[in-house]
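Enquirer: I am sharing run06.cif, which consists of mmCIF, C-alpha atoms and all ligand atoms:
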data_model
loop_
_atom_site.label_atom_id
_atom_site.label_comp_id
_atom_site.auth_asym_id
_atom_site.auth_seq_id
_atom_site.Cartn_x
_atom_site.Cartn_y
_atom_site.Cartn_z
CA MET X 1 0.00 0.00 0.00
CA ASN X 2 2.73 2.38 0.92
CA ASP X 3 4.65 1.63 -2.24
CA THR X 4 1.48 1.94 -4.31
CA ALA X 5 0.49 5.11 -2.51
CA SER X 6 3.95 6.61 -2.92
CA GLU X 7 3.90 5.64 -6.60
CA GLN X 8 0.51 7.30 -7.08
CA LEU X 9 1.69 10.37 -5.16
CA SER X 10 4.87 10.66 -7.22
CA GLU X 11 2.80 10.15 -10.37
CA GLN X 12 0.39 12.89 -9.28
CA SER X 13 3.23 15.19 -8.32
CA LEU X 14 4.88 14.35 -11.61
CA ARG X 15 1.65 14.99 -13.48
CA GLY X 16 1.16 18.12 -11.43
CA GLY X 17 4.65 19.26 -12.30
CA GLU X 18 4.06 18.49 -15.95
CA THR X 19 0.74 20.23 -15.83
CA ILE X 20 2.30 23.31 -14.31
CA ARG X 21 5.23 23.26 -16.74
CA VAL X 22 3.06 22.67 -19.77
CA GLY X 23 0.64 25.29 -18.53
CA SER X 24 3.38 27.83 -18.10
CA VAL X 25 4.76 27.09 -21.56
CA SER X 26 1.36 27.30 -23.21
CA GLU X 27 0.71 30.52 -21.28
CA GLU X 28 3.97 32.13 -22.54
CA GLY X 29 3.38 30.79 -26.02
CA GLY X 30 -0.19 32.05 -25.94
CA GLN X 31 0.88 35.54 -24.88
CA GLY X 32 3.77 35.76 -27.36
CA GLY X 33 2.13 34.16 -30.41
CA GLU X 34 -1.31 35.76 -30.30
CA GLY X 35 -0.02 39.19 -29.09
CA GLU X 36 3.00 39.64 -31.35
CA GLN X 37 1.38 38.76 -34.65
CA PRO X 38 -1.12 41.67 -34.87
CA TRP X 39 1.52 44.05 -33.54
CA THR X 40 3.99 43.01 -36.22
CA ILE X 41 1.39 43.51 -38.98
CA TYR X 42 0.50 46.91 -37.60
CA GLN X 43 4.16 47.91 -37.43
CA PHE X 44 4.71 46.67 -40.98
CA ILE X 45 1.79 48.72 -42.28
CA CYS X 46 3.07 51.80 -40.47
CA ASP X 47 6.59 51.32 -41.85
CA GLN X 48 5.26 50.92 -45.39
CA ALA X 49 2.99 53.94 -45.07
CA LEU X 50 5.88 56.02 -43.75
CA PHE X 51 8.14 54.84 -46.55
CA TYR X 52 5.64 55.66 -49.30
CA SER X 53 4.78 59.00 -47.68
CA ARG X 54 8.45 59.99 -47.66
CA GLU X 55 8.87 58.85 -51.24
CA THR X 56 5.76 60.77 -52.36
CA LEU X 57 6.88 63.88 -50.49
CA ASP X 58 10.28 63.67 -52.16
CA HIS X 59 8.59 63.51 -55.56
CA ILE X 60 6.31 66.46 -54.78
CA VAL X 61 9.25 68.59 -53.61
CA LEU X 62 11.20 67.64 -56.73
CA VAL X 63 8.30 68.49 -59.04
CA ILE X 64 7.73 71.86 -57.32
CA PHE X 65 11.45 72.66 -57.54
CA ILE X 66 11.65 71.81 -61.25
CA TYR X 67 8.41 73.71 -61.97
CA THR X 68 9.68 76.81 -60.13
CA LEU X 69 13.00 76.61 -61.94
CA LEU X 70 11.29 76.34 -65.32
CA CYS X 71 9.02 79.29 -64.50
CA LEU X 72 12.01 81.44 -63.50
CA VAL X 73 13.94 80.52 -66.65
CA LEU X 74 10.88 81.22 -68.82
CA TYR X 75 10.24 84.49 -67.00
CA LYS X 76 13.86 85.53 -67.41
CA LEU X 77 13.72 84.77 -71.13
CA LEU X 78 10.41 86.53 -71.67
CA PHE X 79 10.93 89.67 -69.62
CA HIS X 80 14.64 90.22 -69.95
CA ARG X 81 15.58 88.84 -73.36
CA CYS X 82 12.42 89.13 -75.44
CA SER X 83 10.45 91.81 -73.58
CA ARG X 84 10.96 94.50 -76.20
CA TRP X 85 10.29 92.12 -79.07
CA LEU X 86 7.12 90.79 -77.44
CA LYS X 87 6.20 94.27 -76.14
CA LEU X 88 5.65 92.92 -72.62
CA VAL X 89 7.32 95.82 -70.83
CA ARG X 90 6.21 99.33 -71.61
CA LYS X 91 8.82 102.01 -72.02
CA SER X 92 8.93 105.04 -69.77
CA ARG X 93 6.71 107.77 -71.17
CA LEU X 94 7.99 110.80 -69.32
CA PRO X 95 7.03 113.81 -71.43
CA ALA X 96 10.03 115.64 -72.77
CA THR X 97 8.37 119.03 -72.37
CA ALA X 98 7.29 118.84 -68.71
CA ASN X 99 8.46 121.88 -66.76
CA ARG X 100 6.51 121.70 -63.52
CA ALA X 101 5.63 118.31 -62.12
CA LEU X 102 3.49 117.55 -59.07
CA LEU X 103 4.36 114.30 -57.35
CA VAL X 104 1.67 113.07 -54.95
CA THR X 105 2.66 110.50 -52.33
CA ALA X 106 1.04 109.07 -49.19
CA HIS X 107 3.93 108.84 -46.72
CA PRO X 108 7.46 110.16 -46.19
CA ASP X 109 9.89 107.77 -47.95
CA ASP X 110 7.46 106.99 -50.81
CA GLU X 111 9.29 109.57 -52.90
CA SER X 112 12.64 107.81 -52.39
CA MET X 113 11.54 104.17 -52.41
CA PHE X 114 9.23 104.32 -55.41
CA PHE X 115 9.77 107.52 -57.35
CA GLY X 116 13.53 108.06 -56.99
CA PRO X 117 14.43 107.24 -60.63
CA THR X 118 11.48 109.28 -61.95
CA ILE X 119 12.47 112.30 -59.87
CA LEU X 120 16.09 112.05 -60.96
CA GLU X 121 15.13 111.73 -64.63
CA LEU X 122 12.77 114.71 -64.42
CA ARG X 123 15.44 116.75 -62.67
CA ARG X 124 17.90 115.75 -65.40
CA ARG X 125 15.45 117.30 -67.88
CA ASN X 126 15.36 120.49 -65.79
CA CYS X 127 11.79 119.90 -64.66
CA ARG X 128 10.87 121.54 -61.34
CA ILE X 129 9.26 119.03 -59.00
CA PHE X 130 6.69 119.83 -56.34
CA LEU X 131 6.06 117.15 -53.76
CA LEU X 132 2.70 116.74 -52.06
CA CYS X 133 2.89 114.18 -49.27
CA LEU X 134 -0.52 113.50 -47.72
CA SER X 135 0.52 112.21 -44.28
CA ASP X 136 3.47 112.42 -41.92
CA GLY X 137 3.77 108.60 -41.68
CA ASN X 138 2.94 108.49 -37.99
CA TYR X 139 1.65 104.89 -38.00
CA ASP X 140 4.59 103.78 -35.83
CA LYS X 141 4.60 107.03 -33.83
CA LYS X 142 7.67 108.24 -35.72
CA GLY X 143 5.99 111.13 -37.46
CA PRO X 144 8.48 113.88 -36.48
CA THR X 145 11.46 111.74 -37.49
CA ARG X 146 9.91 110.77 -40.83
CA ARG X 147 8.95 114.38 -41.48
CA GLN X 148 12.60 115.41 -41.15
CA GLU X 149 13.68 112.46 -43.30
CA LEU X 150 11.26 113.59 -46.00
CA TRP X 151 12.96 116.97 -46.25
CA ASP X 152 16.45 115.46 -46.12
CA ALA X 153 15.74 112.84 -48.77
CA SER X 154 13.95 115.29 -51.04
CA GLU X 155 16.88 117.66 -50.89
CA SER X 156 19.17 114.81 -51.94
CA LEU X 157 16.87 114.10 -54.89
CA GLY X 158 16.98 117.73 -56.01
CA ILE X 159 13.60 118.93 -54.71
CA LYS X 160 13.70 122.36 -53.09
CA PRO X 161 12.50 122.55 -49.46
CA GLU X 162 9.95 125.23 -50.37
CA ASP X 163 8.45 122.89 -52.99
CA ILE X 164 7.48 120.27 -50.41
CA THR X 165 4.03 120.19 -48.83
CA LEU X 166 3.17 117.78 -46.07
CA LEU X 167 -0.55 117.78 -45.30
CA ASN X 168 -1.12 115.50 -42.32
CA ALA X 169 -4.87 116.19 -42.31
CA THR X 170 -7.16 114.59 -39.72
CA HIS X 171 -8.84 112.31 -42.28
CA LEU X 172 -5.60 111.38 -44.00
CA GLN X 173 -3.63 109.69 -41.25
CA ASP X 174 -1.08 106.99 -42.05
CA ASP X 175 -2.98 103.77 -41.43
CA PRO X 176 -3.74 100.95 -43.87
CA ALA X 177 -6.96 100.24 -41.99
CA VAL X 178 -8.30 103.79 -42.43
CA GLU X 179 -10.08 104.55 -45.65
CA TRP X 180 -8.94 107.76 -47.29
CA LYS X 181 -11.91 109.47 -48.91
CA THR X 182 -11.53 109.88 -52.66
CA VAL X 183 -13.15 113.30 -52.67
CA THR X 184 -10.82 114.64 -49.93
CA ILE X 185 -7.71 113.58 -51.83
CA ALA X 186 -9.10 114.73 -55.18
CA ASN X 187 -9.78 118.21 -53.78
CA GLN X 188 -6.24 118.48 -52.46
CA ILE X 189 -4.67 117.32 -55.72
CA LEU X 190 -6.77 119.68 -57.81
CA LYS X 191 -6.04 122.62 -55.52
CA HIS X 192 -2.28 122.03 -55.79
CA LEU X 193 -2.34 121.38 -59.55
CA GLU X 194 -4.04 124.71 -60.16
CA ALA X 195 -2.04 126.69 -57.62
CA LEU X 196 1.27 125.39 -58.93
CA ASP X 197 0.29 125.52 -62.60
CA ALA X 198 1.68 122.00 -62.99
CA ASP X 199 1.86 120.37 -66.41
CA LEU X 200 2.57 116.89 -65.12
CA LEU X 201 1.01 114.84 -62.32
CA VAL X 202 2.80 111.73 -61.11
CA THR X 203 1.46 109.27 -58.55
CA PHE X 204 0.73 105.60 -57.80
CA ASP X 205 -1.31 103.19 -59.89
CA LYS X 206 -4.29 101.26 -58.49
CA ASP X 207 -2.08 98.61 -56.84
CA GLY X 208 0.00 101.28 -55.12
CA VAL X 209 3.32 99.53 -55.96
CA SER X 210 3.52 98.00 -52.47
CA GLY X 211 -0.22 97.34 -52.16
CA HIS X 212 -0.69 99.91 -49.38
CA PRO X 213 -4.35 101.10 -49.38
CA ASN X 214 -3.26 104.72 -48.78
CA HIS X 215 -1.25 104.58 -52.02
CA SER X 216 -4.15 103.11 -53.98
CA ALA X 217 -6.49 105.77 -52.57
CA ILE X 218 -4.44 108.47 -54.32
CA TYR X 219 -4.83 106.63 -57.62
CA TYR X 220 -8.62 106.41 -57.28
CA ALA X 221 -8.78 110.13 -56.47
CA THR X 222 -6.63 110.91 -59.52
CA ALA X 223 -8.76 108.62 -61.68
CA SER X 224 -11.93 110.37 -60.50
CA LEU X 225 -10.43 113.73 -61.52
CA CYS X 226 -9.49 112.35 -64.94
CA LEU X 227 -12.90 110.78 -65.50
CA SER X 228 -14.74 113.93 -64.50
CA GLY X 229 -12.51 116.01 -66.80
CA MET X 230 -11.27 118.25 -63.98
CA ILE X 231 -7.56 117.84 -64.68
CA PRO X 232 -6.28 120.95 -66.48
CA ASN X 233 -5.93 120.35 -70.22
CA LYS X 234 -2.21 120.96 -70.36
CA CYS X 235 -1.50 118.59 -67.46
CA LYS X 236 -0.49 115.03 -68.25
CA VAL X 237 -1.05 112.27 -65.70
CA LEU X 238 1.38 109.43 -65.14
CA THR X 239 1.04 106.53 -62.70
CA LEU X 240 3.84 104.30 -61.53
CA GLU X 241 3.23 100.75 -62.73
CA SER X 242 3.17 98.12 -59.97
CA VAL X 243 5.22 95.10 -60.92
CA ASN X 244 5.52 91.61 -59.48
CA LEU X 245 8.20 90.62 -56.96
CA CYS X 246 10.42 88.94 -59.57
CA ARG X 247 10.55 92.05 -61.71
CA LYS X 248 10.88 94.31 -58.70
CA ASN X 249 13.93 92.42 -57.47
CA GLN X 250 15.31 91.96 -61.00
CA ILE X 251 15.51 88.17 -60.68
ZN ZN I 301 3.80 104.73 -48.47
#
Go through the file and emit its structure as structure tokens.
Ligand SMILES: [Zn+2]
Expert:
Amino acid sequence: MNDTASEQLSEQSLRGGETIRVGSVSEEGGQGGEGEQPWTIYQFICDQALFYSRETLDHIVLVIFIYTLLCLVLYKLLFHRCSRWLKLVRKSRLPATANRALLVTAHPDDESMFFGPTILELRRRNCRIFLLCLSDGNYDKKGPTRRQELWDASESLGIKPEDITLLNATHLQDDPAVEWKTVTIANQILKHLEALDADLLVTFDKDGVSGHPNHSAIYYATASLCLSGMIPNKCKVLTLESVNLCRKNQI
């Protein structure tokens, strides 16, 4: 009995040990096999997606780069080599007979940044230039400084100090968010044209060169004077053509 009992006990303990061992193996295998497989597929999909995304992005960047390069080359050819032949760029039409020109700007520094070459060319032709600046450029609270700069720069460009008028009216303050009334500007331009007996008016075009609304407002006032026939007959009107960034920077 003892031998049989001990044999049964050892068999049970053996079976128990096997059961525990097998159980632990199947438990590890169960955790590793069933858990790792979906994770590996998910990781594979992510890796593939990342790979194709990078490859696609590379292609997009390459296409954009080549397209930009082609555009620049074509632009260079059209506007620098063939512009006169294709008549894409208009020649300067400064009248040879202008003696008294009124230049109308919105802020101090407009005369230097945008109209410098025009002023110098008119001065070369012995044309007297009167400058009407509609605001003191106080948007950044630097009005007094910019006012002085206006006189200094104008003197360098050959405009006499007594030929400069800076208005700084209440309704014409330097601010792109403030609408400058067409009629207010038109009245000022007309008053100066007649008082100065000017035979040439020079100002911005509708895009204002830099896109500043105060610049464009002067164009619309000038256009209203032209359309209503109020510009003196002998006075010619010229607007400075706004050009794109590539042309502006001579790329
Ligand atoms: Zn300006």
Enquirer: For ligand ZN 301 (chain I), which residue among X:Asp174, X:Glu121, X:Asp110, X:Glu194 is the nearest when counting only C-alpha atoms and all ligand atoms?
Expert: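 Among the listed residues, X:Asp110 lies closest to ligand ZN 301 (chain I).
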Enquirer: What are the closest atom pairs, with distances in Å to one decimal, for all residues of region 135-223 of chain X lying within 12 Å of region 115-119 of chain X? Consider all atoms listed in the file, order rows by chain and residue number, and present the result as CSV.
Expert:
residue,atom,partner,partner_atom,distance
X:Ala153,CA,X:Gly116,CA,9.8
X:Ser154,CA,X:Gly116,CA,9.4
X:Glu155,CA,X:Ile119,CA,11.3
X:Ser156,CA,X:Gly116,CA,10.1
X:Leu157,CA,X:Ile119,CA,6.9
X:Gly158,CA,X:Ile119,CA,8.0
X:Ile159,CA,X:Ile119,CA,8.5
X:Leu201,CA,X:Thr118,CA,11.9
X:Val202,CA,X:Phe115,CA,9.0
X:Thr203,CA,X:Phe115,CA,8.6
X:Phe204,CA,X:Phe115,CA,9.3
X:Gly208,CA,X:Phe115,CA,11.8
X:Val209,CA,X:Phe115,CA,10.4
Enquirer: So, counting only C-alpha atoms and all ligand atoms, which residue among X:Leu132, X:Leu240, X:Ala106, X:Leu190 is closest to ligand ZN 301 (chain I)?
Expert: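 Checking each candidate against ligand ZN 301 (chain I), we get X:Ala106 as the closest.
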Enquirer: Check every protein, DNA and RNA residue against ligand ZN 301 (chain I), keep those with an atom at most 7 Å away (counting only C-alpha atoms and all ligand atoms), and present them as a PyMOL selection string.
Expert: chain X and resi 106-110+212+215
Enquirer: One decimal, in Å: what's the spacing between CA of Leu196 (chain X) and CA of Phe130 (chain X)?
Expert: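 Distance between the two atoms: 8.2 Å.
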Enquirer: Could you jot down the CA of Leu78 (chain X) to CA of Gly211 (chain X) separation for me, Å, one decimal place?
Expert: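 Separation of CA of Leu78 (chain X) and CA of Gly211 (chain X): 24.7 Å.
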Enquirer: For Ala221 (chain X), list every protein, DNA or RNA residue within 8 Å, evaluated using all atoms listed in the file, and leave out those in the same chain fewer than 3 positions away; present the list as a VMD selection string.
Expert: chain X and resid 182 to 183 185 to 186 217 to 218 224 to 225
Enquirer: So how many Å separate CA of Met230 (chain X) and CA of Leu150 (chain X), to one decimal?
Expert: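 Atom-to-atom, CA of Met230 (chain X) to CA of Leu150 (chain X), that is 29.2 Å.
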Enquirer: Considering all atoms listed in the file, state which residue in the set X:Ser53, X:Asn168, X:Thr105, X:Thr239 is at the smallest distance from Cys133 (chain X).
Expert: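 Of X:Ser53, X:Asn168, X:Thr105, X:Thr239, the one nearest Cys133 (chain X) is X:Thr105, counting all atoms listed in the file.
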Enquirer: Could you give me, as JSON, numbers by chain, the residues within 12 Å of Lys181 (chain X), counting all atoms listed in the file and dropping anything in the same chain fewer than 5 positions from it?
Expert: {"X": [169, 170, 171, 172, 173, 186, 187, 188, 213, 214, 216, 217, 218, 219, 220, 221, 222, 224]}
Enquirer: Of the residues X:Glu111, X:Glu241, X:Asp136, X:Asp163, which is the one nearest to Lys206 (chain X), using all atoms listed in the file?
Expert: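 Using all atoms listed in the file, the shortest distance to Lys206 (chain X) belongs to X:Glu241.
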Enquirer: Using the partial input, fill out region 205-239 of chain X with N, CA and C atoms; write the result as a PDB file, keeping the file's coordinate frame.
Expert:
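What ended up in part.pdb:
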ATOM      1  N   ASP X 205      -0.222 103.826 -59.144  1.00  0.00           N
ATOM      2  CA  ASP X 205      -1.310 103.190 -59.890  1.00  0.00           C
ATOM      3  C   ASP X 205      -2.262 102.516 -58.901  1.00  0.00           C
ATOM      4  N   LYS X 206      -3.236 101.775 -59.386  1.00  0.00           N
ATOM      5  CA  LYS X 206      -4.290 101.260 -58.490  1.00  0.00           C
ATOM      6  C   LYS X 206      -3.763 100.227 -57.477  1.00  0.00           C
ATOM      7  N   ASP X 207      -2.644  99.577 -57.785  1.00  0.00           N
ATOM      8  CA  ASP X 207      -2.080  98.610 -56.840  1.00  0.00           C
ATOM      9  C   ASP X 207      -1.098  99.261 -55.859  1.00  0.00           C
ATOM     10  N   GLY X 208      -0.822 100.520 -56.070  1.00  0.00           N
ATOM     11  CA  GLY X 208       0.000 101.280 -55.120  1.00  0.00           C
ATOM     12  C   GLY X 208       1.421 100.781 -54.960  1.00  0.00           C
ATOM     13  N   VAL X 209       1.958 100.078 -55.944  1.00  0.00           N
ATOM     14  CA  VAL X 209       3.320  99.530 -55.960  1.00  0.00           C
ATOM     15  C   VAL X 209       3.540  98.510 -54.833  1.00  0.00           C
ATOM     16  N   SER X 210       3.312  98.933 -53.599  1.00  0.00           N
ATOM     17  CA  SER X 210       3.520  98.000 -52.470  1.00  0.00           C
ATOM     18  C   SER X 210       2.200  97.414 -51.981  1.00  0.00           C
ATOM     19  N   GLY X 211       1.094  97.842 -52.579  1.00  0.00           N
ATOM     20  CA  GLY X 211      -0.220  97.340 -52.160  1.00  0.00           C
ATOM     21  C   GLY X 211      -0.816  98.074 -50.975  1.00  0.00           C
ATOM     22  N   HIS X 212      -0.161  99.152 -50.523  1.00  0.00           N
ATOM     23  CA  HIS X 212      -0.690  99.910 -49.380  1.00  0.00           C
ATOM     24  C   HIS X 212      -1.987 100.629 -49.790  1.00  0.00           C
ATOM     25  N   PRO X 213      -3.071 100.470 -49.010  1.00  0.00           N
ATOM     26  CA  PRO X 213      -4.350 101.100 -49.380  1.00  0.00           C
ATOM     27  C   PRO X 213      -4.273 102.620 -49.490  1.00  0.00           C
ATOM     28  N   ASN X 214      -3.406 103.259 -48.691  1.00  0.00           N
ATOM     29  CA  ASN X 214      -3.260 104.720 -48.780  1.00  0.00           C
ATOM     30  C   ASN X 214      -2.696 105.121 -50.141  1.00  0.00           C
ATOM     31  N   HIS X 215      -1.810 104.296 -50.680  1.00  0.00           N
ATOM     32  CA  HIS X 215      -1.250 104.580 -52.020  1.00  0.00           C
ATOM     33  C   HIS X 215      -2.348 104.469 -53.070  1.00  0.00           C
ATOM     34  N   SER X 216      -3.096 103.357 -52.984  1.00  0.00           N
ATOM     35  CA  SER X 216      -4.150 103.110 -53.980  1.00  0.00           C
ATOM     36  C   SER X 216      -5.212 104.208 -53.923  1.00  0.00           C
ATOM     37  N   ALA X 217      -5.469 104.729 -52.724  1.00  0.00           N
ATOM     38  CA  ALA X 217      -6.490 105.770 -52.570  1.00  0.00           C
ATOM     39  C   ALA X 217      -6.147 107.005 -53.411  1.00  0.00           C
ATOM     40  N   ILE X 218      -4.847 107.303 -53.520  1.00  0.00           N
ATOM     41  CA  ILE X 218      -4.440 108.470 -54.320  1.00  0.00           C
ATOM     42  C   ILE X 218      -4.740 108.218 -55.797  1.00  0.00           C
ATOM     43  N   TYR X 219      -4.518 106.956 -56.227  1.00  0.00           N
ATOM     44  CA  TYR X 219      -4.830 106.630 -57.620  1.00  0.00           C
ATOM     45  C   TYR X 219      -6.320 106.819 -57.913  1.00  0.00           C
ATOM     46  N   TYR X 220      -7.172 106.310 -57.023  1.00  0.00           N
ATOM     47  CA  TYR X 220      -8.620 106.410 -57.280  1.00  0.00           C
ATOM     48  C   TYR X 220      -9.075 107.870 -57.291  1.00  0.00           C
ATOM     49  N   ALA X 221      -8.444 108.704 -56.451  1.00  0.00           N
ATOM     50  CA  ALA X 221      -8.780 110.130 -56.470  1.00  0.00           C
ATOM     51  C   ALA X 221      -8.343 110.761 -57.794  1.00  0.00           C
ATOM     52  N   THR X 222      -7.139 110.386 -58.243  1.00  0.00           N
ATOM     53  CA  THR X 222      -6.630 110.910 -59.520  1.00  0.00           C
ATOM     54  C   THR X 222      -7.514 110.442 -60.673  1.00  0.00           C
ATOM     55  N   ALA X 223      -7.905 109.172 -60.624  1.00  0.00           N
ATOM     56  CA  ALA X 223      -8.760 108.620 -61.680  1.00  0.00           C
ATOM     57  C   ALA X 223     -10.106 109.342 -61.715  1.00  0.00           C
ATOM     58  N   SER X 224     -10.633 109.672 -60.538  1.00  0.00           N
ATOM     59  CA  SER X 224     -11.930 110.370 -60.500  1.00  0.00           C
ATOM     60  C   SER X 224     -11.808 111.765 -61.129  1.00  0.00           C
ATOM     61  N   LEU X 225     -10.653 112.406 -60.901  1.00  0.00           N
ATOM     62  CA  LEU X 225     -10.430 113.730 -61.520  1.00  0.00           C
ATOM     63  C   LEU X 225     -10.331 113.610 -63.042  1.00  0.00           C
ATOM     64  N   CYS X 226      -9.638 112.557 -63.492  1.00  0.00           N
ATOM     65  CA  CYS X 226      -9.490 112.350 -64.940  1.00  0.00           C
ATOM     66  C   CYS X 226     -10.852 112.063 -65.576  1.00  0.00           C
ATOM     67  N   LEU X 227     -11.615 111.174 -64.940  1.00  0.00           N
ATOM     68  CA  LEU X 227     -12.900 110.780 -65.500  1.00  0.00           C
ATOM     69  C   LEU X 227     -13.909 111.921 -65.526  1.00  0.00           C
ATOM     70  N   SER X 228     -13.789 112.804 -64.539  1.00  0.00           N
ATOM     71  CA  SER X 228     -14.740 113.930 -64.500  1.00  0.00           C
ATOM     72  C   SER X 228     -14.231 115.126 -65.311  1.00  0.00           C
ATOM     73  N   GLY X 229     -13.052 114.962 -65.935  1.00  0.00           N
ATOM     74  CA  GLY X 229     -12.510 116.010 -66.800  1.00  0.00           C
ATOM     75  C   GLY X 229     -12.044 117.247 -66.046  1.00  0.00           C
ATOM     76  N   MET X 230     -11.664 117.085 -64.785  1.00  0.00           N
ATOM     77  CA  MET X 230     -11.270 118.250 -63.980  1.00  0.00           C
ATOM     78  C   MET X 230      -9.767 118.520 -63.997  1.00  0.00           C
ATOM     79  N   ILE X 231      -9.005 117.597 -64.559  1.00  0.00           N
ATOM     80  CA  ILE X 231      -7.560 117.840 -64.680  1.00  0.00           C
ATOM     81  C   ILE X 231      -7.340 118.912 -65.743  1.00  0.00           C
ATOM     82  N   PRO X 232      -6.538 119.924 -65.454  1.00  0.00           N
ATOM     83  CA  PRO X 232      -6.280 120.950 -66.480  1.00  0.00           C
ATOM     84  C   PRO X 232      -5.786 120.343 -67.790  1.00  0.00           C
ATOM     85  N   ASN X 233      -6.216 120.919 -68.892  1.00  0.00           N
ATOM     86  CA  ASN X 233      -5.930 120.350 -70.220  1.00  0.00           C
ATOM     87  C   ASN X 233      -4.446 120.135 -70.485  1.00  0.00           C
ATOM     88  N   LYS X 234      -3.649 121.073 -70.037  1.00  0.00           N
ATOM     89  CA  LYS X 234      -2.210 120.960 -70.360  1.00  0.00           C
ATOM     90  C   LYS X 234      -1.488 119.952 -69.467  1.00  0.00           C
ATOM     91  N   CYS X 235      -2.161 119.474 -68.434  1.00  0.00           N
ATOM     92  CA  CYS X 235      -1.500 118.590 -67.460  1.00  0.00           C
ATOM     93  C   CYS X 235      -1.620 117.117 -67.873  1.00  0.00           C
ATOM     94  N   LYS X 236      -0.495 116.467 -67.967  1.00  0.00           N
ATOM     95  CA  LYS X 236      -0.490 115.030 -68.250  1.00  0.00           C
ATOM     96  C   LYS X 236      -0.438 114.257 -66.928  1.00  0.00           C
ATOM     97  N   VAL X 237      -1.014 113.080 -66.924  1.00  0.00           N
ATOM     98  CA  VAL X 237      -1.050 112.270 -65.700  1.00  0.00           C
ATOM     99  C   VAL X 237      -0.307 110.958 -65.939  1.00  0.00           C
ATOM    100  N   LEU X 238       0.629 110.683 -65.049  1.00  0.00           N
ATOM    101  CA  LEU X 238       1.380 109.430 -65.140  1.00  0.00           C
ATOM    102  C   LEU X 238       1.250 108.659 -63.820  1.00  0.00           C
ATOM    103  N   THR X 239       1.061 107.353 -63.920  1.00  0.00           N
ATOM    104  CA  THR X 239       1.040 106.530 -62.700  1.00  0.00           C
ATOM    105  C   THR X 239       2.174 105.515 -62.761  1.00  0.00           C
TER     106      THR X 239
END
